[in-house]
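Here is coords.txt, consisting of compact mmCIF, C-alpha atoms:
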# COMPACT_ATOMS: atom_id res chain seq x y z
CA MET A 1 32.41 -189.58 75.81
CA ALA A 2 34.52 -186.43 76.25
CA GLY A 3 33.33 -185.11 72.93
CA LYS A 4 29.75 -185.05 74.26
CA GLU A 5 30.71 -182.75 77.14
CA PRO A 6 30.60 -179.13 75.87
CA LEU A 7 32.83 -177.77 78.65
CA LEU A 8 35.65 -180.20 77.83
CA SER A 9 35.38 -179.40 74.13
CA ALA A 10 35.51 -175.69 74.91
CA LEU A 11 38.48 -176.19 77.25
CA LYS A 12 40.38 -178.12 74.56
CA GLY A 13 39.84 -175.28 72.09
CA GLY A 14 40.82 -172.67 74.67
CA VAL A 15 44.05 -174.49 75.53
CA LEU A 16 45.01 -174.85 71.86
CA ARG A 17 44.37 -171.15 71.18
CA LEU A 18 46.39 -170.13 74.22
CA ARG A 19 49.32 -172.30 73.10
CA GLU A 20 49.31 -170.66 69.66
CA GLY A 21 50.45 -167.39 71.23
CA GLY A 22 53.88 -168.83 72.08
CA GLY A 23 55.96 -167.71 75.04
CA PRO A 24 54.72 -167.43 78.63
CA CYS A 25 51.05 -166.58 79.08
CA THR A 26 50.65 -163.30 80.99
CA ASP A 27 47.76 -161.29 82.38
CA ALA A 28 47.80 -159.31 79.13
CA SER A 29 46.69 -162.38 77.15
CA PRO A 30 43.09 -161.83 75.99
CA ARG A 31 42.40 -165.59 76.27
CA LEU A 32 43.55 -166.07 79.86
CA ALA A 33 40.31 -164.95 81.52
CA SER A 34 38.20 -167.26 79.32
CA LEU A 35 40.48 -170.21 80.16
CA CYS A 36 40.10 -169.51 83.90
CA GLN A 37 36.34 -169.20 83.54
CA LEU A 38 36.18 -172.58 81.75
CA LEU A 39 38.28 -174.24 84.45
CA GLU A 40 36.04 -172.75 87.12
CA SER A 41 32.88 -173.92 85.34
CA ILE A 42 34.25 -177.47 85.17
CA LEU A 43 35.23 -177.45 88.85
CA ARG A 44 31.75 -176.20 89.78
CA LYS A 45 29.73 -178.47 87.54
CA GLY A 46 27.76 -181.03 89.53
CA ILE A 47 28.76 -179.90 93.05
CA ARG A 48 26.25 -181.24 95.53
CA GLN A 49 24.74 -178.50 97.66
CA PRO A 50 23.58 -178.99 101.28
CA ALA A 51 19.84 -179.51 101.62
CA TRP A 52 19.26 -177.43 104.74
CA GLY A 53 20.32 -173.81 104.38
CA PHE A 54 24.01 -174.31 105.13
CA LYS A 55 26.55 -172.17 103.27
CA ARG A 56 26.72 -172.88 99.58
CA ARG A 57 29.55 -175.19 98.53
CA ASP A 58 32.20 -174.15 96.05
CA TYR A 59 35.28 -175.94 94.72
CA TRP A 60 37.46 -174.11 97.26
CA HIS A 61 35.77 -176.03 100.08
CA TRP A 62 37.25 -179.34 98.94
CA LEU A 63 40.55 -177.80 97.86
CA GLU A 64 41.26 -176.51 101.37
CA GLN A 65 40.66 -180.03 102.75
CA LEU A 66 43.01 -181.85 100.38
CA PRO A 67 45.61 -184.05 102.12
CA THR A 68 49.16 -182.78 101.56
CA GLY A 69 50.14 -186.25 100.32
CA ASP A 70 53.78 -186.10 101.53
CA GLY A 71 53.73 -186.46 105.30
CA ASP A 72 54.65 -183.29 107.13
CA ARG A 73 56.83 -181.95 104.33
CA PRO A 74 55.14 -179.17 102.31
CA THR A 75 54.59 -179.77 98.62
CA PRO A 76 54.08 -177.26 95.80
CA LEU A 77 50.36 -178.12 95.91
CA SER A 78 50.03 -177.68 99.68
CA ILE A 79 51.98 -174.40 99.52
CA SER A 80 49.61 -173.05 96.84
CA ILE A 81 46.56 -174.06 98.91
CA GLN A 82 48.05 -172.44 102.02
CA LYS A 83 48.78 -169.20 100.13
CA ALA A 84 45.24 -169.07 98.75
CA GLY A 85 43.71 -169.73 102.17
CA SER A 86 45.77 -167.07 103.93
CA CYS A 87 45.46 -164.36 101.27
CA GLU A 88 44.35 -161.11 102.92
CA LYS A 89 42.95 -159.70 99.67
CA THR A 90 40.21 -162.30 99.17
CA ARG A 91 37.24 -162.62 101.51
CA THR A 92 35.05 -165.30 99.88
CA ALA A 93 35.34 -168.94 98.82
CA GLN A 94 35.01 -167.73 95.24
CA GLY A 95 37.94 -165.34 95.62
CA ARG A 96 40.16 -167.91 97.32
CA GLY A 97 39.31 -170.54 94.73
CA ARG A 98 40.16 -168.15 91.91
CA TYR A 99 43.40 -167.12 93.56
CA PHE A 100 44.31 -170.80 93.90
CA LEU A 101 43.64 -171.37 90.19
CA ARG A 102 46.07 -168.56 89.30
CA LEU A 103 48.65 -169.95 91.73
CA ALA A 104 48.11 -173.45 90.34
CA LEU A 105 48.52 -172.36 86.71
CA GLN A 106 51.78 -170.61 87.49
CA GLY A 107 53.00 -173.37 89.82
CA LYS A 108 51.85 -176.21 87.52
CA VAL A 109 49.92 -178.01 90.29
CA LEU A 110 46.32 -178.02 89.04
CA ALA A 111 46.53 -181.57 87.66
CA ALA A 112 48.03 -182.71 90.98
CA ALA A 113 45.06 -181.19 92.85
CA VAL A 114 42.52 -183.05 90.70
CA ARG A 115 44.44 -186.34 90.99
CA GLN A 116 44.54 -185.91 94.77
CA LEU A 117 40.77 -185.33 94.77
CA ALA A 118 40.23 -188.55 92.80
CA ARG A 119 42.19 -190.46 95.47
CA THR A 120 40.17 -188.97 98.35
CA PRO A 121 36.68 -190.59 98.41
CA ARG A 122 35.24 -188.35 101.17
CA LEU A 123 36.01 -185.24 99.07
CA LEU A 124 34.94 -186.84 95.81
CA GLU A 125 31.47 -187.04 97.39
CA PHE A 126 31.23 -183.27 96.78
CA TYR A 127 30.36 -184.17 93.18
CA ASP A 128 27.34 -185.87 91.66
CA PRO A 129 28.65 -188.74 89.48
CA VAL A 130 25.97 -188.17 86.83
CA SER A 131 25.98 -184.41 86.32
CA SER A 132 29.61 -183.58 87.19
CA ILE A 133 32.91 -183.96 85.33
CA LEU A 134 35.17 -184.53 88.34
CA GLY A 135 32.84 -187.18 89.80
CA ASN A 136 32.47 -189.06 86.50
CA GLU A 137 35.31 -191.47 85.70
CA ASP A 138 34.68 -191.33 81.95
CA LEU A 139 34.99 -187.51 81.92
CA LEU A 140 37.67 -187.16 84.60
CA GLU A 141 40.39 -188.86 82.52
CA PRO A 142 40.10 -186.57 79.45
CA PHE A 143 39.94 -183.57 81.79
CA LEU A 144 43.18 -184.69 83.47
CA SER A 145 44.78 -185.14 80.03
CA LEU A 146 43.93 -181.52 79.18
CA LEU A 147 45.32 -180.38 82.54
CA LEU A 148 48.60 -182.12 81.76
CA VAL A 149 48.81 -180.10 78.55
CA VAL A 150 48.16 -176.95 80.60
CA THR A 151 50.91 -178.03 83.01
CA GLU A 152 53.41 -178.00 80.13
CA MET A 153 52.58 -174.34 79.40
CA ASP A 154 54.37 -171.45 81.08
CA PHE A 155 52.43 -168.76 82.93
CA SER A 156 53.88 -165.47 84.16
CA LEU A 157 51.07 -163.89 86.19
CA ASP A 158 51.06 -160.96 88.60
CA LEU A 159 49.88 -162.90 91.65
CA GLN A 160 49.86 -159.71 93.70
CA ASN A 161 46.94 -158.50 91.58
CA CYS A 162 44.15 -160.43 93.28
CA SER A 163 42.05 -157.87 95.19
CA PHE A 164 39.07 -158.09 92.83
CA LEU A 165 38.88 -161.88 92.45
CA ASP A 166 35.93 -161.94 94.87
CA GLU A 167 33.95 -160.00 92.27
CA SER A 168 35.41 -160.80 88.86
CA TRP A 169 37.96 -162.63 86.74
CA LEU A 170 38.58 -159.25 85.12
CA LEU A 171 41.71 -157.83 86.76
CA PRO A 172 42.52 -154.13 87.13
CA VAL A 173 45.64 -152.40 85.86
CA CYS A 174 48.07 -152.26 88.77
CA ILE A 175 51.34 -150.40 89.25
CA THR A 176 53.92 -149.85 91.97
CA TYR A 177 54.46 -146.28 93.17
CA GLU A 178 57.60 -145.63 95.19
CA THR A 179 58.25 -142.29 96.85
CA VAL A 180 60.68 -140.68 99.27
CA PRO A 181 60.19 -139.95 102.97
CA CYS A 182 58.14 -136.76 103.24
CA ARG A 183 55.99 -134.89 105.74
CA ALA A 184 52.78 -135.21 103.73
CA LEU A 185 52.07 -137.07 100.50
CA GLY A 186 49.06 -134.94 99.60
CA MET A 187 46.41 -137.60 98.92
CA VAL A 188 42.83 -137.28 100.16
CA LEU A 189 41.41 -140.75 100.91
CA ARG A 190 37.88 -142.13 101.18
CA TYR A 191 36.90 -145.64 102.33
CA VAL A 192 34.21 -147.55 100.42
CA ASP A 193 33.39 -151.15 101.44
CA GLY A 194 36.89 -151.85 102.68
CA ARG A 195 38.68 -150.24 99.74
CA VAL A 196 40.83 -147.11 100.02
CA PHE A 197 40.14 -144.65 97.19
CA VAL A 198 42.20 -141.58 96.37
CA THR A 199 39.63 -138.82 95.87
CA LYS A 200 42.02 -135.91 95.36
CA VAL A 201 45.71 -135.22 94.77
CA LEU A 202 46.58 -131.92 96.45
CA PRO A 203 48.37 -129.18 94.46
CA GLU A 204 52.14 -128.86 95.01
CA SER A 205 52.21 -132.07 97.06
CA GLN A 206 54.71 -134.90 96.72
CA ALA A 207 52.02 -137.07 95.09
CA GLU A 208 51.37 -134.39 92.44
CA VAL A 209 55.08 -133.88 91.83
CA ASP A 210 55.59 -137.63 91.28
CA GLU A 211 52.76 -137.64 88.69
CA VAL A 212 51.72 -141.26 89.34
CA VAL A 213 48.63 -141.30 91.57
CA LEU A 214 45.31 -140.16 90.08
CA ALA A 215 41.99 -139.40 91.78
CA GLY A 216 39.93 -142.58 91.50
CA ASP A 217 42.84 -144.99 91.99
CA ILE A 218 42.85 -147.48 94.88
CA LEU A 219 45.59 -147.95 97.47
CA ASP A 220 45.93 -151.73 97.55
CA GLU A 221 49.09 -152.07 99.66
CA ILE A 222 51.50 -149.90 101.60
CA ASN A 223 55.00 -151.34 102.00
CA GLY A 224 53.68 -154.84 101.37
CA ARG A 225 50.76 -154.63 103.84
CA SER A 226 47.34 -155.20 102.33
CA LEU A 227 44.61 -152.56 102.58
CA ARG A 228 41.83 -154.85 101.39
CA ASN A 229 38.95 -154.72 103.86
CA ALA A 230 40.55 -151.65 105.47
CA TYR A 231 38.73 -149.88 108.28
CA SER A 232 38.23 -146.12 108.14
CA GLY A 233 41.53 -144.35 108.85
CA GLN A 234 43.71 -147.47 108.55
CA ALA A 235 45.82 -146.17 105.65
CA GLY A 236 46.45 -142.87 107.45
CA ALA A 237 47.48 -144.72 110.61
CA MET A 238 49.90 -146.90 108.64
CA LEU A 239 51.44 -143.86 106.94
CA GLN A 240 51.85 -142.14 110.30
CA LYS A 241 53.78 -145.14 111.64
CA LEU A 242 55.94 -145.18 108.49
CA LYS A 243 56.69 -141.45 108.63
CA GLY A 244 60.29 -140.80 107.65
CA GLN A 245 60.64 -144.09 105.74
CA PRO A 246 60.62 -144.75 101.99
CA LEU A 247 57.14 -145.76 100.83
CA SER A 248 56.05 -148.32 98.25
CA PHE A 249 52.39 -148.37 97.19
CA HIS A 250 50.60 -151.03 95.18
CA LEU A 251 48.02 -149.03 93.21
CA LEU A 252 44.97 -150.25 91.32
CA ARG A 253 44.08 -147.95 88.45
CA TRP A 254 40.49 -146.81 87.89
CA ARG A 255 41.22 -146.82 84.14
CA TRP A 256 41.35 -150.20 82.38
CA HIS A 257 43.47 -151.26 79.38
CA ASP A 258 40.87 -150.02 76.88
CA GLY A 259 40.90 -146.50 78.37
CA GLY A 260 37.46 -146.86 79.99
CA VAL A 261 36.55 -147.33 83.63
CA TYR A 262 37.47 -150.73 85.08
CA GLU A 263 34.00 -152.29 85.13
CA PRO A 264 33.99 -153.89 88.63
CA LEU A 265 34.69 -150.41 90.05
CA LEU A 266 31.39 -148.95 88.86
CA PRO A 267 29.34 -149.84 92.00
CA TYR A 268 32.08 -148.38 94.22
CA LEU A 269 32.31 -145.19 92.17
CA LYS A 270 28.55 -144.76 92.42
CA VAL A 271 28.75 -144.87 96.23
CA LEU A 272 31.80 -142.60 96.17
CA LYS A 273 29.91 -140.05 94.09
CA GLU A 274 27.02 -140.12 96.56
CA LYS A 275 29.41 -139.46 99.46
CA GLU A 276 31.37 -136.79 97.59
CA PRO A 277 29.19 -135.19 94.88
CA ARG A 278 32.12 -133.10 93.61
CA PHE A 279 34.39 -136.12 93.10
CA GLN A 280 35.73 -136.55 89.55
CA LEU A 281 37.94 -139.22 88.05
CA GLN A 282 41.34 -137.76 87.21
CA ARG A 283 42.49 -138.70 83.72
CA GLY A 284 46.09 -137.53 83.97
CA PRO A 285 48.60 -135.61 86.12
CA ARG A 286 47.37 -132.05 86.59
CA ARG A 287 50.48 -130.37 85.19
CA ARG A 288 51.33 -132.69 82.33
CA GLY A 289 51.60 -130.94 78.97
CA GLU A 290 49.05 -132.53 76.66
CA GLU A 291 50.60 -131.30 73.45
CA GLU A 292 53.92 -133.16 73.61
CA PRO A 293 54.33 -136.95 73.71
CA ARG A 294 56.49 -138.22 76.54
CA ARG A 295 58.05 -141.57 77.20
CA LEU A 296 57.05 -143.50 80.29
CA GLN A 297 59.16 -145.72 82.52
CA GLY A 298 57.71 -147.41 85.59
CA GLY A 299 54.79 -144.96 85.62
CA ARG A 300 57.08 -141.86 85.49
CA LEU A 301 57.51 -139.32 82.73
CA LEU A 302 60.79 -139.19 80.85
CA TYR A 303 61.71 -135.94 79.15
CA ASN A 304 63.37 -135.91 75.71
CA LEU A 305 66.10 -133.28 76.09
CA ARG A 306 69.37 -132.18 74.50
CA TYR A 307 72.42 -132.18 76.74
CA LEU A 308 74.59 -129.19 75.74
CA GLY A 309 77.55 -129.72 78.07
CA GLN A 310 78.96 -128.68 81.44
CA THR A 311 81.51 -126.37 83.01
CA GLY A 312 83.17 -126.08 86.40
CA VAL A 313 82.00 -123.12 88.51
CA GLY A 314 84.35 -123.36 91.50
CA LYS A 315 83.46 -123.69 95.16
CA TYR A 316 80.22 -121.71 95.03
CA GLY A 317 77.18 -123.41 93.49
CA GLY A 318 74.46 -120.82 94.06
CA LYS A 319 71.95 -119.82 91.40
CA GLU A 320 73.90 -116.62 90.64
CA VAL A 321 76.56 -118.63 88.78
CA LEU A 322 73.99 -119.73 86.19
CA ASP A 323 74.06 -116.25 84.61
CA TRP A 324 77.59 -116.80 83.35
CA ALA A 325 77.91 -120.60 83.42
CA ILE A 326 75.16 -121.22 80.83
CA PRO A 327 76.68 -118.78 78.25
CA THR A 328 80.10 -120.37 78.89
CA VAL A 329 78.77 -123.79 77.91
CA LEU A 330 76.97 -122.39 74.84
CA GLU A 331 80.09 -120.59 73.59
CA ARG A 332 82.01 -123.87 73.47
CA HIS A 333 79.64 -125.23 70.78
CA SER A 334 80.14 -128.78 72.05
CA ALA A 335 78.36 -131.61 70.26
CA MET A 336 74.98 -131.93 71.90
CA ARG A 337 73.56 -135.32 72.85
CA GLU A 338 69.97 -136.54 72.81
CA VAL A 339 69.10 -137.73 76.32
CA LEU A 340 66.21 -138.99 78.43
CA PHE A 341 65.85 -136.94 81.60
CA ASP A 342 64.24 -138.76 84.54
CA VAL A 343 63.22 -136.73 87.63
CA LYS A 344 62.85 -139.53 90.18
CA GLU A 345 61.75 -139.45 93.79
CA THR A 346 65.26 -139.21 95.28
CA GLU A 347 67.50 -138.35 92.36
CA VAL A 348 67.85 -137.12 88.79
CA LEU A 349 68.97 -139.60 86.11
CA VAL A 350 70.29 -138.69 82.67
CA ARG A 351 70.41 -141.45 80.04
CA GLU A 352 71.81 -141.28 76.55
CA LYS A 353 69.24 -142.37 73.96
CA THR A 354 71.59 -143.86 71.35
CA PRO A 355 73.21 -146.05 72.43
CA PRO A 356 71.05 -146.38 75.57
CA LYS A 357 73.25 -145.96 78.64
CA LEU A 358 73.26 -144.08 81.94
CA LEU A 359 75.28 -140.87 81.71
CA CYS A 360 74.93 -139.54 85.24
CA ARG A 361 72.98 -139.86 88.49
CA TYR A 362 72.58 -136.99 90.95
CA PRO A 363 70.80 -137.43 94.33
CA TYR A 364 69.03 -134.24 95.40
CA PRO A 365 71.50 -133.47 98.23
CA THR A 366 74.27 -133.09 95.61
CA ILE A 367 72.28 -130.54 93.57
CA SER A 368 72.90 -127.01 94.83
CA CYS A 369 70.63 -125.01 92.50
CA VAL A 370 68.48 -125.18 89.38
CA GLY A 371 67.33 -122.39 87.09
CA ARG A 372 66.56 -121.15 83.60
CA CYS A 373 68.47 -119.07 81.11
CA VAL A 374 67.13 -115.51 80.88
CA ASP A 375 67.95 -115.12 77.19
CA SER A 376 66.53 -118.47 76.05
CA SER A 377 63.31 -119.72 77.63
CA ASN A 378 63.85 -123.38 76.75
CA LEU A 379 67.30 -123.71 78.34
CA PHE A 380 67.87 -124.67 81.97
CA ALA A 381 70.80 -125.79 84.10
CA PHE A 382 71.60 -127.13 87.53
CA CYS A 383 74.77 -127.20 89.60
CA VAL A 384 76.02 -130.35 91.27
CA ALA A 385 78.78 -131.06 93.77
CA ALA A 386 81.69 -132.39 91.72
CA SER A 387 83.79 -133.48 94.72
CA PRO A 388 81.52 -133.68 97.80
CA GLU A 389 84.09 -135.65 99.84
CA SER A 390 87.03 -133.33 99.16
CA PRO A 391 88.80 -132.21 102.37
CA ASP A 392 89.00 -128.68 100.96
CA GLY A 393 85.25 -128.53 100.39
CA SER A 394 83.07 -129.21 97.36
CA THR A 395 83.58 -127.82 93.91
CA PHE A 396 80.62 -127.55 91.58
CA ASP A 397 79.83 -128.28 87.95
CA CYS A 398 77.02 -126.67 85.96
CA LEU A 399 75.13 -128.92 83.49
CA VAL A 400 73.09 -127.30 80.73
CA PHE A 401 70.09 -128.79 78.90
CA ALA A 402 67.69 -127.67 76.18
CA SER A 403 64.01 -128.67 76.27
CA SER A 404 61.42 -128.51 73.52
CA SER A 405 59.32 -125.77 75.10
CA GLU A 406 59.26 -123.13 77.79
CA GLN A 407 56.43 -124.96 79.54
CA GLU A 408 58.42 -128.21 79.73
CA CYS A 409 61.48 -126.30 80.95
CA GLU A 410 59.49 -124.71 83.79
CA GLU A 411 57.96 -128.07 84.70
CA ILE A 412 61.36 -129.75 85.04
CA ILE A 413 62.70 -126.90 87.19
CA ARG A 414 59.62 -127.08 89.41
CA ARG A 415 59.93 -130.85 89.87
CA ILE A 416 63.63 -130.67 90.76
CA ALA A 417 62.93 -127.85 93.20
CA ALA A 418 60.13 -129.90 94.73
CA GLY A 419 62.63 -132.71 95.25
CA PHE A 420 64.62 -130.40 97.51
CA LYS A 421 61.50 -129.41 99.42
CA HIS A 422 59.94 -132.81 100.01
CA THR A 423 62.99 -135.02 100.59
CA GLU A 424 64.02 -135.66 104.20
CA TRP A 425 67.35 -137.37 104.77
CA PHE A 426 68.06 -139.34 107.91
CA VAL A 427 71.45 -140.51 109.20
Give the structure from this file in structure tokens form.
Amino acid sequence: MAGKEPLLSALKGGVLRLREGGGPCTDASPRLASLCQLLESILRKGIRQPAWGFKRRDYWHWLEQLPTGDGDRPTPLSISIQKAGSCEKTRTAQGRGRYFLRLALQGKVLAAAVRQLARTPRLLEFYDPVSSILGNEDLLEPFLSLLLVVTEMDFSLDLQNCSFLDESWLLPVCITYETVPCRALGMVLRYVDGRVFVTKVLPESQAEVDEVVLAGDILDEINGRSLRNAYSGQAGAMLQKLKGQPLSFHLLRWRWHDGGVYEPLLPYLKVLKEKEPRFQLQRGPRRRGEEEPRRLQGGRLLYNLRYLGQTGVGKYGGKEVLDWAIPTVLERHSAMREVLFDVKETEVLVREKTPPKLLCRYPYPTISCVGRCVDSSNLFAFCVAASPESPDGSTFDCLVFASSSEQECEEIIRRIAAGFKHTEWFV
């Protein structure tokens, strides 16, 4: 009988293909969306709709009524249902049902939900026994068998990425952007149907220095608080209350994995363009050099540099010492090391490339100056406090690096200098 039901045959094929990939199934799997769509089609097939203009039924409406099945003690199934029902990022039965399916795949509780439905006659009446799969005993058993196979598979999904499930199974690219306490981030925001769009990243701002946020991206969360269905000005009010605290943003990218615009965004971008005719999608950080490939880590640029060495400069770490400290390092002809240079929000990290290990970490308050060598445009150096807790006062070391171009050298100096300017430290 199961072989005569096209949806079950398609689901069987989809499960087999997904298992062939090996390892946990992630959001990057090209077959995940089709599997979810098949499961949704099966759960929707044969649902009886009210005759008199009441709201249209969906599978979420019986899921939210399922008995917990274990007295007052929560079960993995009841916890998944509760999470889906209380999710602030979904506003419709379709969105909550889809979020539950993702929770159920990861938590391995989808088969338990269907078995619980089969044991609850009042909810089983949602389905027509002739046209449905869940209401037909002959089709329900093979469906449960396939769900048990799915239960044996491992899923590693980003459950935080759920803000577009109301509209689509297609999920946006999402990243986390963390930045330091600062007076102004430098993002211009516009609200479109409850979503908070970045329409401009201001020059010389903290957001531009960090080189993560692009015009067209969406602020999805601030410090764990959802901005879905945000009212006008809500993000600004939240940032005002968080002034002086470290910030963590959950960003939804306007650009999808294939390099094009994330398709469900198109209606929003059309409205945004009508409100701001001069708005343009930003394809990359404004000051990034296009000619040289850079490595990325956590959405940040890593610079490929050569570490030439260091020298002590005494108790004064002002920029004047660079004039003689850089030549001193060069005259030693020390073996240079290939390093990855990471200008983070609160500190500078230097990592050796081979073997990969952390060489040094310098928070901005320990850096006294940064500058470039006059005689060689691709050399720069910065001074750091070598003994900040010494009772006799700090002594300073000067570290010298070589970049691949004058432009890259200037960019690194500018970003370190901006770290001084934008960072506020509180005791």
May I have a table of the residues of region 77-185 of chain A lying at most 9 Å from region 336-360 of chain A, giving each one's closest pair of atoms and their distance in Å to one decimal, counting only C-alpha atoms, ordered by chain and ascending residue number, as JSON lines?
{"residue": "A:Glu178", "atom": "CA", "partner": "A:Glu345", "partner_atom": "CA", "distance": 7.6}
{"residue": "A:Thr179", "atom": "CA", "partner": "A:Glu345", "partner_atom": "CA", "distance": 5.4}
{"residue": "A:Val180", "atom": "CA", "partner": "A:Glu345", "partner_atom": "CA", "distance": 5.7}
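Protein, DNA and RNA residues at most 8 Å from (53.5, -173.2, 82.8), with only C-alpha atoms, are these: Pro24, Cys25, Leu105, Gln106, Gly107, Lys108, Val150, Thr151, Glu152, Met153, Asp154, Phe155 and Ser156 of chain A.
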For the contact check between region 98-185 of chain A and region 40-49 of chain A, emit one row per residue of region 98-185 of chain A within 12 Å, containing the shortest atom pair and the distance in Å rounded to one decimal, counting all atoms listed in the file, chain then rising number order, as CSV.
residue,atom,partner,partner_atom,distance
A:Arg98,CA,A:Glu40,CA,7.8
A:Tyr99,CA,A:Glu40,CA,11.3
A:Phe100,CA,A:Glu40,CA,10.9
A:Leu101,CA,A:Glu40,CA,8.3
A:Arg102,CA,A:Glu40,CA,11.1
A:Leu110,CA,A:Leu43,CA,11.1
A:Ala113,CA,A:Leu43,CA,11.3
A:Val114,CA,A:Leu43,CA,9.4
A:Leu117,CA,A:Leu43,CA,11.3
A:Leu123,CA,A:Ile47,CA,10.8
A:Leu124,CA,A:Ile47,CA,9.7
A:Glu125,CA,A:Arg48,CA,8.0
A:Phe126,CA,A:Arg48,CA,5.5
A:Tyr127,CA,A:Ile47,CA,4.6
A:Asp128,CA,A:Gly46,CA,5.3
A:Pro129,CA,A:Gly46,CA,7.8
A:Val130,CA,A:Gly46,CA,7.8
A:Ser131,CA,A:Gly46,CA,5.0
A:Ser132,CA,A:Gly46,CA,3.9
A:Ile133,CA,A:Ile42,CA,6.6
A:Leu134,CA,A:Leu43,CA,7.1
A:Gly135,CA,A:Gly46,CA,8.0
A:Asn136,CA,A:Gly46,CA,9.8
A:Leu139,CA,A:Ile42,CA,10.6
A:Leu140,CA,A:Ile42,CA,10.3
A:Phe143,CA,A:Ile42,CA,9.0
A:Leu144,CA,A:Ile42,CA,11.6
A:Leu147,CA,A:Ile42,CA,11.7
A:Trp169,CA,A:Glu40,CA,10.3
Applying 10 Å and all atoms listed in the file, which residues near Ile413 (chain A) remain after dropping the ones on its own chain fewer than 5 positions away? List them as an mmCIF file with C-alpha atoms, in the frame of the given file.
data_model
loop_
_atom_site.group_PDB
_atom_site.id
_atom_site.type_symbol
_atom_site.label_atom_id
_atom_site.label_comp_id
_atom_site.auth_asym_id
_atom_site.auth_seq_id
_atom_site.Cartn_x
_atom_site.Cartn_y
_atom_site.Cartn_z
ATOM 1 C CA VAL A 343 63.220 -136.730 87.630
ATOM 2 C CA CYS A 369 70.630 -125.010 92.500
ATOM 3 C CA VAL A 370 68.480 -125.180 89.380
ATOM 4 C CA GLY A 371 67.330 -122.390 87.090
ATOM 5 C CA ARG A 372 66.560 -121.150 83.600
ATOM 6 C CA PHE A 380 67.870 -124.670 81.970
ATOM 7 C CA ALA A 381 70.800 -125.790 84.100
ATOM 8 C CA PHE A 382 71.600 -127.130 87.530
ATOM 9 C CA GLU A 408 58.420 -128.210 79.730
ATOM 10 C CA ALA A 418 60.130 -129.900 94.730
ATOM 11 C CA GLY A 419 62.630 -132.710 95.250
#
Tell me which protein, DNA and RNA residues are within 6 Å of Ser403 (chain A), counting all atoms listed in the file, leaving out same-chain ones fewer than 3 positions away, and put them as number ranges by chain. A: 305, 378, 409
How far is it from CA of Met187 (chain A) to CA of Ile218 (chain A), in Å with one decimal?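 Taking CA of Met187 (chain A) and CA of Ile218 (chain A), their separation equals 11.3 Å.
Taking CA of Gln65 (chain A) as the reference point, CA of Leu35 (chain A) is found at 24.6 Å.
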As an NGL selection string, please: the residues near Ala335 (chain A) (cut-off 12 Å, all atoms listed in the file, same-chain neighbours under 4 positions excluded). :A and (306-310 or 329-331)
Restricting the output to C-alpha atoms, write the selected residues as a tab-separated table (two decimals), keeping the file's coordinate frame.
chain	number	residue	atom	x	y	z
A	306	ARG	CA	69.37	-132.18	74.50
A	307	TYR	CA	72.42	-132.18	76.74
A	308	LEU	CA	74.59	-129.19	75.74
A	309	GLY	CA	77.55	-129.72	78.07
A	310	GLN	CA	78.96	-128.68	81.44
A	329	VAL	CA	78.77	-123.79	77.91
A	330	LEU	CA	76.97	-122.39	74.84
A	331	GLU	CA	80.09	-120.59	73.59
I'd like the interatomic distance between CA of Pro30 (chain A) and CA of Leu16 (chain A), to a tenth of an Å.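 Distance between the two atoms: 13.8 Å.
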Given only C-alpha atoms, how would the per-residue table for region 198-296 of chain A near region 70-91 of chain A read, listing every residue at most 10 Å away with its closest atom pair and distance in Å to one decimal, sorted by chain and number, as JSON lines?
{"residue": "A:Asp220", "atom": "CA", "partner": "A:Lys89", "partner_atom": "CA", "distance": 8.8}
{"residue": "A:Glu221", "atom": "CA", "partner": "A:Lys89", "partner_atom": "CA", "distance": 9.8}
{"residue": "A:Arg225", "atom": "CA", "partner": "A:Glu88", "partner_atom": "CA", "distance": 9.2}
{"residue": "A:Ser226", "atom": "CA", "partner": "A:Glu88", "partner_atom": "CA", "distance": 6.6}
{"residue": "A:Leu227", "atom": "CA", "partner": "A:Lys89", "partner_atom": "CA", "distance": 7.9}
{"residue": "A:Arg228", "atom": "CA", "partner": "A:Lys89", "partner_atom": "CA", "distance": 5.3}
{"residue": "A:Asn229", "atom": "CA", "partner": "A:Lys89", "partner_atom": "CA", "distance": 7.6}
Cys174 (chain A): which residues within 8 Å, counting only C-alpha atoms, same-chain residues fewer than 2 positions away excluded, as a ChimeraX atom specification? /A:161,172,176,250-253
May I ask which of the residues A:Glu141, A:Tyr316, A:Gly97, A:Trp60 is the closest one to Ala111 (chain A), counting only C-alpha atoms?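 Between A:Glu141, A:Tyr316, A:Gly97, A:Trp60, the residue approaching Ala111 (chain A) most closely is A:Glu141.
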So that I can check the surroundings of Gly224 (chain A), please list as a list in words every protein, DNA and RNA residue that reaches within 10 Å of it, counting only C-alpha atoms and ignoring chain neighbours fewer than 5 positions away.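 Near Gly224 (chain A), the qualifying residues are Gln160, Leu247, Ser248, Phe249 and His250 of chain A.
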Proximity to Gln234 (chain A) - best of A:Asp217, A:Val212, A:Val149, A:Val196, only C-alpha atoms: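 Once distances to Gln234 (chain A) are computed over only C-alpha atoms, the minimum belongs to A:Val196.
The closest residue to His257 (chain A), picked from A:Val15, A:Ala215, A:Leu239, A:Ala28 and counting only C-alpha atoms, is A:Ala28.
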Option closest in space to Asp375 (chain A), from A:Leu322, A:Val188, A:Cys36, A:Leu103 [counting only C-alpha atoms]: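 Closest residue, counting only C-alpha atoms: A:Leu322.
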Residue among A:Ser205, A:Ser34, A:Gln94, A:Thr366 lying closest to Arg286 (chain A), counting all atoms listed in the file: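 Of all the options, A:Ser205 lies closest to Arg286 (chain A).
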